[in-house]
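Have a look at the structure below before the remarks.
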Amino acid sequence: MSLLSVDNLTLQFQTDEGLVTAVDNVSFGVEAGEVLGLVGESGSGKSVTAKSIMKLNPENAVYGDESRIALTLPDGPVDVFSLKTSREMEIVRGGSVSMIFQEPMASFAPAITIGDQMVEQLVLHKKISKKEAKEWSIEMLARVGISDARRRFDQYAFQLSGGMRQRAMIAMALSTNPKLLIADEPTTALDVTIQAQVIDLMKDLVREYGMGIVFITHDLGVIAQTADKVAVMYLGKLVEYGAVRDVIRNPIHPYTQGLLKALPRLDDLDAPLIPVPGDIPSPLERPTGCVFHTRCPMAEPACAQQVPTRRNFGAGHSAACLVAGGGGV
Amino acid sequence: MSDFVIEADQLSVHYPIGGSLFGPKPVVRAVEKVSLSIPRGSFFGLVGESGSGKTTFGRALLRAAPISDGYVGYKDGEVQYDLAKLTKTELKDYRKRAQLIFQDPYAALSPRMTVRDIIAEPLEVMGITTTREETDARVREIAAKCRLNLEHLRRFPHAFSGGQRQRISIARALVANPRFVVADESVAALDVSIQADVLNLLKSLQAELGLTFLFISHDLSVVAHTCDHVAVMYLGRLVETAPTRSLFTAPRHPYTKALLSAIPSLDPDDTGRAQRLEGEIPSPTDPPPGCKFNTRCPHATDQCRSEEPQLASAAPEHQVACHRWQELFETVPA
């Protein structure tokens with residue numbers, strides 16, 4: 001059994017304009033010690049997919065009947081959707097599953113010291129004394145490369161620089177020794193030199209702690225540097241899935257191909273930037289058939305009617321496209 | 001003899017910060033003694049991390065940040081301005097000639113104005129057009145150039161996607177027919193699939209209208225693909241400037257090299273860990289003595305910690321401010 005398995009996840013939001021589909025029949029798994037990169041643009045549903053794992057979506061979220069999210073933990077399997085009380089949900093909210101957010105300034109409480117926030121969650125999840133929790137927190141802060149950790153422990157989030165805050169965030173998320181870590185754009189708000197440091201740190205920590213990671217980002221370069229497997233999402237659909245080298249070097253889905261062509265690359269300064277034509281449709285006007293057909297250069301008439309299922313194009317490499325790879329319609 | 005639209009000589013922008021009643025007032029040296037010339041018709045890139053002073057420098061060129069010291073000249077045909085000493089009428093005229101495109105297309109457009117009114121506003125404020133017909137004609141002309149659907153001019157911004165909004169921002173910046181445009185992180189808020197489209201639009205407008213662009217960005221790969229010249233700033237100082245190809249194929253400054261190696265490569269087997277920078281950019285209120293980069297530079301010596309390097313020519317049009325660039329260039333691969 002995989003550490004995390006998401007099966008047929010469908011998620012809609014009840015809004016004034018009716019039901020809006022955010023995630024449409026998405027399935028994937030994550031093994032222990034594996035980094036899954038979840039890549040997509042605004043509105044692709046990558047963040048709400050990850051939040052479903054922690055049941056963090058707002059009240060108006062409606063999950064499909066077939067949807068299932070399961071965790072295989074040392075203490076036995078957990079069916080996430082069957083968790084009801086906040087006590088039960090502790091296991092996916094900081095217990096065995098931790099999350100790192102994009103904007104660390106917004107994620108730390110501004111009027112409580114970094115140390116007190118770390119101790120609070122440790123006492124809650126690990127049932128240890130405050131004194132032990134403090135020593136452990138300082139050790140974690142030092143482990144993620146924060147110098148003078150003992151002093152930082154007593155500081156507030158605003159006293160730390162951006163890179164330092166993100167390190168503290170990582171230390172806090174890892175201090176409960178989670179089996180699964182969800183990182184939602186953890187380096188997007190950082191400068192490139194700091195991003196490179198944080199990426200190196202996360203890679204070292206995966207090797208050391210062996211947890212599974214769902215790494216959400218819009219940046220294919222960051223994916224290439226961190227992930228083992230990649231899931232590409234577009235408008236709530238998982239359009240391509242595979243090992244990172246296969247997906248980046250041999251993309252199958254026209255959307256993945258388009259993303260790679262639109263990306264400015266440093267190894268070829270003369271390559272023209274080819275945009276993916278058109279705009280991402282509004283979630284209120286979801287295209288029929290294949291959701292990408294309105295922007296797809298390879299679209300055929302059938303693409304507007306038939307919803308493609310994921311087909312295999314090699315070991316563990318699949319894409320949801322009717323036309324790609326000479327599949328024929 | 002090159003033709004420059006903007007010539008900055010030892011330009012400094014200092015902001016006062018609170019201090020004691022006595023003694024000299026402390027200042028933040030956001031931009032310190034930057035000399036940079038922007039050739040006419042160029043797409044000039046300015047890169048650096050947060051706190052490098054790139055935005056402040058761009059704003060000083062638009063007279064939207066105070067020029068504390070130094071000289072900035074603007075030249076276009078017969079018109080020549082010393083930007084630090086503009087009279088009121090001259091400043092009014094300069095506002096028509098120099099424009100800014102903002103970063104966030106969601107924040108930059110008033111939600112209560114139609115697209116037509118947003119684009120028309122500069123014309124009305126600056127009194128460029130006198131009749132409604134004239135204004136409308138000009139708005140439609142620039143909107144078409146920015147590939148906006150003319151049917152949509154009566155809609156409000158909320159109806160548009162990020163890419164369309166940024167095209168509206170561009171149309172507003174260009175409607176008064178400026179000669180010099182500062183684009184500050186103008187594609188940073190856009191998705192990759194849309195970003196390429198806006199970059200291509202900016203490039204084609206530049207060629208069509210004969211504009212000069214200062215393109216401010218933190219993203220070196222975007223700059224590499226769009227700009228013909230690039231300047232790199234660090235902690236308010238200009239550390240390297242060169243034609244794009246020269247900068248990306250033969251960077252001289254250790255900071256430029258580190259920036260380039262920090263960009264995550266699309267090749268999973270190329271981790272580039274060798275040139276990782278330690279630490280973070282120091283606070284501009286308390287910059288280190290000597291070379292501002294010495295606290296993070298793997299090659300810093302005692303000289304770097306005491307004496308600030310000056311820009312020196314390293315190759316044609318390629319300048320670098322580093323005491324050790326020459327020996328490092330010969331011994332350390334880029």
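In the structure tokens, the first chain shown is A, the next is B, and so on; residue numbers restart at 1 for each chain, and ligands run from 1 in the order shown.
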**Asked** What are the DSSP strand (DSSP E) residues of stretch 49-189 of chain A, as a list in words?
**Response**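 Of stretch 49-189 of chain A, only Ala61, Val62, Tyr63, Arg68, Ile69, Ala70, Leu71, Thr72, Leu73, Gly76, Pro77, Val78, Asp79, Val97, Ser98, Met99, Ile100, Leu180, Leu181, Ile182, Ala183 and Asp184 of chain A fall in strand (DSSP E).
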Those same residues, written as a PDB file, in the first residue's frame with N, CA and C atoms?
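Listed below is the output, out_37.pdb:
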ATOM      1  N   ALA A  61     -17.189  22.987   0.326  1.00  0.00           N
ATOM      2  CA  ALA A  61     -16.595  21.975  -0.547  1.00  0.00           C
ATOM      3  C   ALA A  61     -17.473  20.728  -0.560  1.00  0.00           C
ATOM      4  N   VAL A  62     -17.742  20.225  -1.768  1.00  0.00           N
ATOM      5  CA  VAL A  62     -18.535  19.009  -1.906  1.00  0.00           C
ATOM      6  C   VAL A  62     -17.661  17.966  -2.587  1.00  0.00           C
ATOM      7  N   TYR A  63     -17.411  16.846  -1.886  1.00  0.00           N
ATOM      8  CA  TYR A  63     -16.575  15.797  -2.464  1.00  0.00           C
ATOM      9  C   TYR A  63     -17.442  14.784  -3.196  1.00  0.00           C
ATOM     10  N   ARG A  68     -11.891   9.019  -2.570  1.00  0.00           N
ATOM     11  CA  ARG A  68     -11.314   8.361  -1.420  1.00  0.00           C
ATOM     12  C   ARG A  68      -9.861   8.822  -1.253  1.00  0.00           C
ATOM     13  N   ILE A  69      -9.489   9.169  -0.021  1.00  0.00           N
ATOM     14  CA  ILE A  69      -8.090   9.482   0.275  1.00  0.00           C
ATOM     15  C   ILE A  69      -7.685   8.597   1.445  1.00  0.00           C
ATOM     16  N   ALA A  70      -6.655   7.784   1.244  1.00  0.00           N
ATOM     17  CA  ALA A  70      -6.241   6.865   2.303  1.00  0.00           C
ATOM     18  C   ALA A  70      -4.763   7.028   2.613  1.00  0.00           C
ATOM     19  N   LEU A  71      -4.421   6.929   3.885  1.00  0.00           N
ATOM     20  CA  LEU A  71      -3.026   6.967   4.323  1.00  0.00           C
ATOM     21  C   LEU A  71      -2.685   5.627   4.945  1.00  0.00           C
ATOM     22  N   THR A  72      -1.499   5.113   4.633  1.00  0.00           N
ATOM     23  CA  THR A  72      -1.050   3.906   5.309  1.00  0.00           C
ATOM     24  C   THR A  72       0.031   4.313   6.297  1.00  0.00           C
ATOM     25  N   LEU A  73      -0.321   4.290   7.575  1.00  0.00           N
ATOM     26  CA  LEU A  73       0.600   4.756   8.610  1.00  0.00           C
ATOM     27  C   LEU A  73       1.048   3.557   9.440  1.00  0.00           C
ATOM     28  N   GLY A  76      -1.521   1.826  11.339  1.00  0.00           N
ATOM     29  CA  GLY A  76      -2.658   1.290  10.601  1.00  0.00           C
ATOM     30  C   GLY A  76      -3.165   2.281   9.582  1.00  0.00           C
ATOM     31  N   PRO A  77      -4.099   1.839   8.724  1.00  0.00           N
ATOM     32  CA  PRO A  77      -4.600   2.704   7.657  1.00  0.00           C
ATOM     33  C   PRO A  77      -5.584   3.760   8.180  1.00  0.00           C
ATOM     34  N   VAL A  78      -5.614   4.877   7.473  1.00  0.00           N
ATOM     35  CA  VAL A  78      -6.525   5.959   7.838  1.00  0.00           C
ATOM     36  C   VAL A  78      -7.324   6.350   6.606  1.00  0.00           C
ATOM     37  N   ASP A  79      -8.643   6.377   6.742  1.00  0.00           N
ATOM     38  CA  ASP A  79      -9.491   6.873   5.669  1.00  0.00           C
ATOM     39  C   ASP A  79      -9.821   8.335   6.001  1.00  0.00           C
ATOM     40  N   VAL A  97       0.640  14.113   9.102  1.00  0.00           N
ATOM     41  CA  VAL A  97       0.726  14.925   7.885  1.00  0.00           C
ATOM     42  C   VAL A  97       0.970  16.376   8.296  1.00  0.00           C
ATOM     43  N   SER A  98       2.028  16.994   7.736  1.00  0.00           N
ATOM     44  CA  SER A  98       2.313  18.404   8.022  1.00  0.00           C
ATOM     45  C   SER A  98       2.300  19.189   6.730  1.00  0.00           C
ATOM     46  N   MET A  99       2.130  20.494   6.863  1.00  0.00           N
ATOM     47  CA  MET A  99       2.072  21.316   5.659  1.00  0.00           C
ATOM     48  C   MET A  99       2.988  22.531   5.793  1.00  0.00           C
ATOM     49  N   ILE A 100       3.648  22.877   4.687  1.00  0.00           N
ATOM     50  CA  ILE A 100       4.436  24.108   4.611  1.00  0.00           C
ATOM     51  C   ILE A 100       3.737  25.018   3.618  1.00  0.00           C
ATOM     52  N   LEU A 180       4.042  12.273   6.072  1.00  0.00           N
ATOM     53  CA  LEU A 180       3.771  12.902   4.786  1.00  0.00           C
ATOM     54  C   LEU A 180       3.842  14.413   4.973  1.00  0.00           C
ATOM     55  N   LEU A 181       4.580  15.064   4.068  1.00  0.00           N
ATOM     56  CA  LEU A 181       4.709  16.515   4.141  1.00  0.00           C
ATOM     57  C   LEU A 181       4.089  17.114   2.883  1.00  0.00           C
ATOM     58  N   ILE A 182       3.233  18.110   3.078  1.00  0.00           N
ATOM     59  CA  ILE A 182       2.655  18.798   1.931  1.00  0.00           C
ATOM     60  C   ILE A 182       3.276  20.183   1.869  1.00  0.00           C
ATOM     61  N   ALA A 183       3.951  20.483   0.763  1.00  0.00           N
ATOM     62  CA  ALA A 183       4.632  21.771   0.635  1.00  0.00           C
ATOM     63  C   ALA A 183       3.958  22.543  -0.492  1.00  0.00           C
ATOM     64  N   ASP A 184       3.237  23.605  -0.140  1.00  0.00           N
ATOM     65  CA  ASP A 184       2.486  24.368  -1.133  1.00  0.00           C
ATOM     66  C   ASP A 184       3.283  25.599  -1.555  1.00  0.00           C
TER      67      ASP A 184
END
**Request:** Using only C-alpha atoms, select each residue of chain A with any atom at most 7 Å away from an atom of chain B, and give the selection as a list in words.
**Result:**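 On the chain A side, the interface is Glu41, Ser42, Asp191, Val192, Thr193, Ala196, Leu220, Gly221, Val222, Ala224, Gln225, Arg245, Leu259, Ala262, Leu263, Pro264, Arg265, Leu266, Leu269, Leu273, Ile274, Pro275 and Val276 of chain A.
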File dump, residues just selected, N, CA and C atoms, as a short mmCIF file (atom, residue, chain, number, x, y, z; two decimals), in the first residue's frame:
data_model
loop_
_atom_site.label_atom_id
_atom_site.label_comp_id
_atom_site.auth_asym_id
_atom_site.auth_seq_id
_atom_site.Cartn_x
_atom_site.Cartn_y
_atom_site.Cartn_z
N GLU A 41 -0.97 25.61 -13.30
CA GLU A 41 -1.09 27.07 -13.22
C GLU A 41 -2.25 27.45 -12.32
N SER A 42 -2.53 28.75 -12.24
CA SER A 42 -3.66 29.19 -11.42
C SER A 42 -4.92 28.46 -11.86
N ASP A 191 13.73 34.77 -2.95
CA ASP A 191 14.68 35.08 -4.01
C ASP A 191 15.38 33.81 -4.47
N VAL A 192 15.88 33.82 -5.71
CA VAL A 192 16.46 32.58 -6.26
C VAL A 192 17.60 32.02 -5.43
N THR A 193 18.47 32.88 -4.90
CA THR A 193 19.60 32.32 -4.15
C THR A 193 19.11 31.66 -2.86
N ALA A 196 17.31 28.33 -3.79
CA ALA A 196 18.26 27.24 -4.01
C ALA A 196 18.67 26.63 -2.67
N LEU A 220 8.39 24.58 -13.26
CA LEU A 220 8.89 23.28 -13.71
C LEU A 220 10.36 23.08 -13.37
N GLY A 221 11.13 24.18 -13.27
CA GLY A 221 12.53 24.07 -12.89
C GLY A 221 12.65 23.55 -11.46
N VAL A 222 11.82 24.08 -10.57
CA VAL A 222 11.83 23.62 -9.18
C VAL A 222 11.43 22.14 -9.12
N ALA A 224 11.87 19.90 -11.49
CA ALA A 224 12.97 19.09 -12.02
C ALA A 224 14.04 18.87 -10.95
N GLN A 225 14.22 19.86 -10.09
CA GLN A 225 15.27 19.77 -9.08
C GLN A 225 14.85 19.02 -7.82
N ARG A 245 12.08 12.60 -15.04
CA ARG A 245 12.91 12.65 -16.26
C ARG A 245 12.06 12.36 -17.50
N LEU A 259 3.68 24.02 -21.96
CA LEU A 259 4.30 24.65 -20.79
C LEU A 259 5.81 24.70 -20.96
N ALA A 262 6.86 27.28 -23.47
CA ALA A 262 6.63 28.67 -23.06
C ALA A 262 7.66 29.13 -22.05
N LEU A 263 8.42 28.18 -21.50
CA LEU A 263 9.36 28.49 -20.43
C LEU A 263 10.67 29.03 -21.00
N PRO A 264 11.10 30.22 -20.54
CA PRO A 264 12.39 30.71 -21.03
C PRO A 264 13.52 29.84 -20.46
N ARG A 265 14.39 29.35 -21.33
CA ARG A 265 15.45 28.47 -20.86
C ARG A 265 16.80 29.12 -21.02
N LEU A 266 17.67 28.87 -20.05
CA LEU A 266 18.99 29.49 -20.10
C LEU A 266 19.95 28.72 -21.00
N LEU A 269 19.44 30.51 -25.52
CA LEU A 269 18.96 31.89 -25.45
C LEU A 269 18.22 32.31 -26.72
N LEU A 273 10.03 32.16 -27.42
CA LEU A 273 9.08 31.77 -26.39
C LEU A 273 7.74 31.55 -27.07
N ILE A 274 7.22 30.35 -26.98
CA ILE A 274 5.96 30.04 -27.65
C ILE A 274 4.86 29.95 -26.60
N PRO A 275 3.97 30.95 -26.54
CA PRO A 275 2.92 30.89 -25.53
C PRO A 275 1.90 29.80 -25.87
N VAL A 276 1.24 29.29 -24.83
CA VAL A 276 0.09 28.43 -25.07
C VAL A 276 -1.03 29.37 -25.48
#
**Message:** Nearest residue to B:Ser68 out of B:Ala312, B:Ala137, B:Ala30, B:Ala120, using only C-alpha atoms?
**Reply:**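 Smallest distance to B:Ser68 is found for B:Ala30.
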**Message:** For stretch 93-99 of chain B, find every residue with an atom within 9 Å (counting only C-alpha atoms), except residues of its own chain fewer than 5 positions away, and show them as a ChimeraX atom specification.
**Reply:** /B:61-63,74,81,83,86,88,122,126,128,173-174,176-183
**Message:** Which residues are near A:Arg143? Cut-off 10 Å, only C-alpha atoms, ignore same chain within fewer than 3 positions. Put them as a PyMOL selection string.
**Reply:** chain A and resi 137-140+146-147+149+167+171+201+205
**Complete:** Restricting to only C-alpha atoms, whichever of A:Gln102, A:Glu185, A:Asp200, A:Ile213 is closest to A:Gly162 is A:Gln102
**Message:** Can you tell me which residues surround stretch 235-242 of chain A at a distance of at most 9 Å, considering only C-alpha atoms, apart from same-chain residues fewer than 3 positions away, and format the answer as a ChimeraX atom specification?
**Reply:** /A:10-11,21-28,40-46,49,228-232,245-247,251-253,255-256,280-283,286,291-292,309-310,314-321
**Complete:** Atom pair atom CA of B:His229 + atom CA of B:Gly45, distance 5.9 Å
**Request:** In Å, rounded to a single decimal, give me how far atom CA of A:Pro104 is from atom CA of A:Lys130.
**Result:**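 Computing it gives 23.9 Å between the two atoms.
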